[in-house]
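Enquirer: Please see the structure below; I have some questions.
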Amino acid sequence: MMSQLLWKVIWLLTGVSRAEAAQQCPASRRRTISYAFGILLPMLVWGVSGYLLASSLIHLSTGPSLGVAALCAATVYLIERLIQLSSGRWYVVLGRAMLAFNMALLCAGLVDSVAYGPEIRTMVVQEAQTRLRTAFERDEARLEAQVEVRRKEWLDAEAAAACEADRHCGSGRGGTGPIYAAKKAHASDMRRDYETERTKLETLKANDAQAVAAAAGLPAVQDPGLLAGLEALHRFLQGRPWAMAGWALIFVFVAAMELVVLLVKASFGMTLDDTREAINQQIRQRRMRAYADAVAPPVAPVARSAAPMLH
């Protein structure tokens, strides 16, 4: 039962049934089985990656996520089948290696985006809050400068009123006469202006702090999206050697899975069935050329015999 199920899977993946495999030589049969597992491995990797992409990053429900996983697996299956059926020319190998590199790079980014999801969201929140603090600090700095000016004006007015009362400056009359009262009233006005500006500054700082705290709950921050998440992942990996090592391991693993079919194709080489097929192909080509020569009309002799008649 297990053997029948296995050969059904092999037939679905490679197109070779159990009866056809029984007619193959041992090397071709092993290659067929290796092709089946070589195609199945990247299909599983990309099926899981597609599901993680749809469910964790795009936040689709289970049904659509499974649909995305099936689409990714089917796409990889078609690519691997094309590689299996293609020739082993150098440009095919180069193109497949480049495709494997790009797919491994993307898949490693997707897996790491899910694996380091909490860290990435924390980094995005911190970066958003830092940008807000930087913008708010500029406004606060301008208002703090105005508060300091009002404070200096108030203190100068208080000093002028005290100096007037001590007869050290001003009118020189001393005491708490009309001039002192006027200067004291002016100092009181300066103090109200200073307190008004300070209250504005405190209110601004409180509002800015609330805005910075509320930024952590914004949808654009909690769910940065695929491209923003990959950019945040890149920034997160910088300066973190262990996290970079984890990303590299995933990248190498996925790249190896993507190159399995190519490696199988290169490792087995020509089998006895391939040699027999090549010989049969040559025989058929010779027979077709012989048949074409036999049934082709003798065009050249007729042309030579008809040439004297033209003169």
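Letters A, B, ... mark the chains of the structure tokens in the order given; residue numbers begin at 1 per chain; ligand numbers begin at 1, in order shown.
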If we count only C-alpha atoms and set the cut-off at 9 Å, which residues sit around Ala21 (chain A), ignoring sequence neighbours fewer than 6 positions away in its own chain? Please answer as number ranges by chain.
Expert: A: 28-29, 32
Enquirer: I'd like to know which of A:Val295, A:Ala214, A:Leu272, A:Ala160 is closest to Gln23 (chain A), using only C-alpha atoms.
Expert: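 Using only C-alpha atoms, Gln23 (chain A) sits closest to A:Leu272.
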Enquirer: Compile the contact shell of region 72-85 of chain A as a PDB file with C-alpha atoms, in the first residue's frame: residues with an atom at most 7 Å away, counting only C-alpha atoms, same-chain residues fewer than 2 positions apart removed.
Expert:
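Resulting contents of part_15.pdb:
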ATOM      1  CA  ILE A  39      10.871  18.399  -7.051  1.00  0.00           C
ATOM      2  CA  PRO A  42      11.246  22.979  -3.056  1.00  0.00           C
ATOM      3  CA  MET A  43       7.493  22.567  -3.448  1.00  0.00           C
ATOM      4  CA  LEU A  44       7.185  21.970   0.302  1.00  0.00           C
ATOM      5  CA  TRP A  46       7.615  27.266  -1.069  1.00  0.00           C
ATOM      6  CA  GLY A  47       4.260  25.962   0.046  1.00  0.00           C
ATOM      7  CA  GLY A  50       3.633  31.041   0.711  1.00  0.00           C
ATOM      8  CA  VAL A  68      -1.445  31.124  -2.003  1.00  0.00           C
ATOM      9  CA  ALA A  69       0.588  28.167  -0.720  1.00  0.00           C
ATOM     10  CA  ALA A  70      -0.827  25.926  -3.456  1.00  0.00           C
ATOM     11  CA  SER A  87      18.882  20.065 -21.848  1.00  0.00           C
ATOM     12  CA  VAL A 261      16.834  18.948  -9.385  1.00  0.00           C
TER      13      VAL A 261
END
Enquirer: Just the number, please: distance in Å from CA of Ala266 (chain A) to CA of Gln4 (chain A), one decimal.
Expert: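 About the pair CA of Ala266 (chain A) and CA of Gln4 (chain A): they are 28.2 Å apart.
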Enquirer: List the neighbours of Lys183 (chain A) out to 8 Å using only C-alpha atoms; skip same-chain residues closer than 5 positions along the sequence, and give me the result as a PDB file with C-alpha atoms, in the first residue's frame.
Expert:
ATOM      1  CA  ALA A 157      11.736  93.582  35.331  1.00  0.00           C
ATOM      2  CA  GLU A 158      11.797  92.232  38.911  1.00  0.00           C
ATOM      3  CA  ALA A 160      14.551  96.811  37.967  1.00  0.00           C
ATOM      4  CA  ALA A 161      11.693  97.113  40.475  1.00  0.00           C
TER       5      ALA A 161
END
Enquirer: With distances taken over only C-alpha atoms, which residue among A:Arg151, A:Ala292, A:Arg276, A:Tyr35 lies nearest Trp11 (chain A)?
Expert: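 Of A:Arg151, A:Ala292, A:Arg276, A:Tyr35, the one nearest Trp11 (chain A) is A:Tyr35, counting only C-alpha atoms.
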Enquirer: With only C-alpha atoms as the atoms that count, which of A:Leu106, A:Ala211, A:Gln281, A:Tyr180 lies nearest to Ala135 (chain A)?
Expert: A:Ala211
Enquirer: Could you tell me which of A:Val9, A:Val147, A:Leu71, A:Val45 comes closest to Leu201 (chain A) if we count only C-alpha atoms?
Expert: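 For Leu201 (chain A), the nearest of the candidates is A:Val147.
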Enquirer: Excluding Val264 (chain A) and any residue of its chain fewer than 5 positions from it, enumerate the residues within 8 Å of it, using only C-alpha atoms, and give them as a ChimeraX atom specification.
Expert: /A:31,34-35,38
Enquirer: Keeping only N, CA and C atoms, write those residues as an mmCIF file, in the first residue's frame.
Expert:
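Done, and the output landed in again02.cif:
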data_model
loop_
_atom_site.group_PDB
_atom_site.id
_atom_site.type_symbol
_atom_site.label_atom_id
_atom_site.label_comp_id
_atom_site.auth_asym_id
_atom_site.auth_seq_id
_atom_site.Cartn_x
_atom_site.Cartn_y
_atom_site.Cartn_z
ATOM 1 N N ARG A 31 17.250 7.666 -10.737
ATOM 2 C CA ARG A 31 17.168 9.072 -11.124
ATOM 3 C C ARG A 31 15.726 9.564 -11.096
ATOM 4 N N SER A 34 14.858 10.133 -7.555
ATOM 5 C CA SER A 34 15.567 11.336 -7.079
ATOM 6 C C SER A 34 14.921 12.598 -7.622
ATOM 7 N N TYR A 35 14.488 12.568 -8.884
ATOM 8 C CA TYR A 35 13.775 13.716 -9.452
ATOM 9 C C TYR A 35 12.500 14.013 -8.664
ATOM 10 N N GLY A 38 13.467 15.521 -5.455
ATOM 11 C CA GLY A 38 14.065 16.828 -5.744
ATOM 12 C C GLY A 38 13.036 17.876 -6.116
#
Enquirer: Considering only C-alpha atoms, can you say which of A:Phe268, A:Asp112, A:Ala255, A:Trp154 comes closest to Ala185 (chain A)?
Expert: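 Answer, going by the shortest atom-to-atom distance: A:Trp154.
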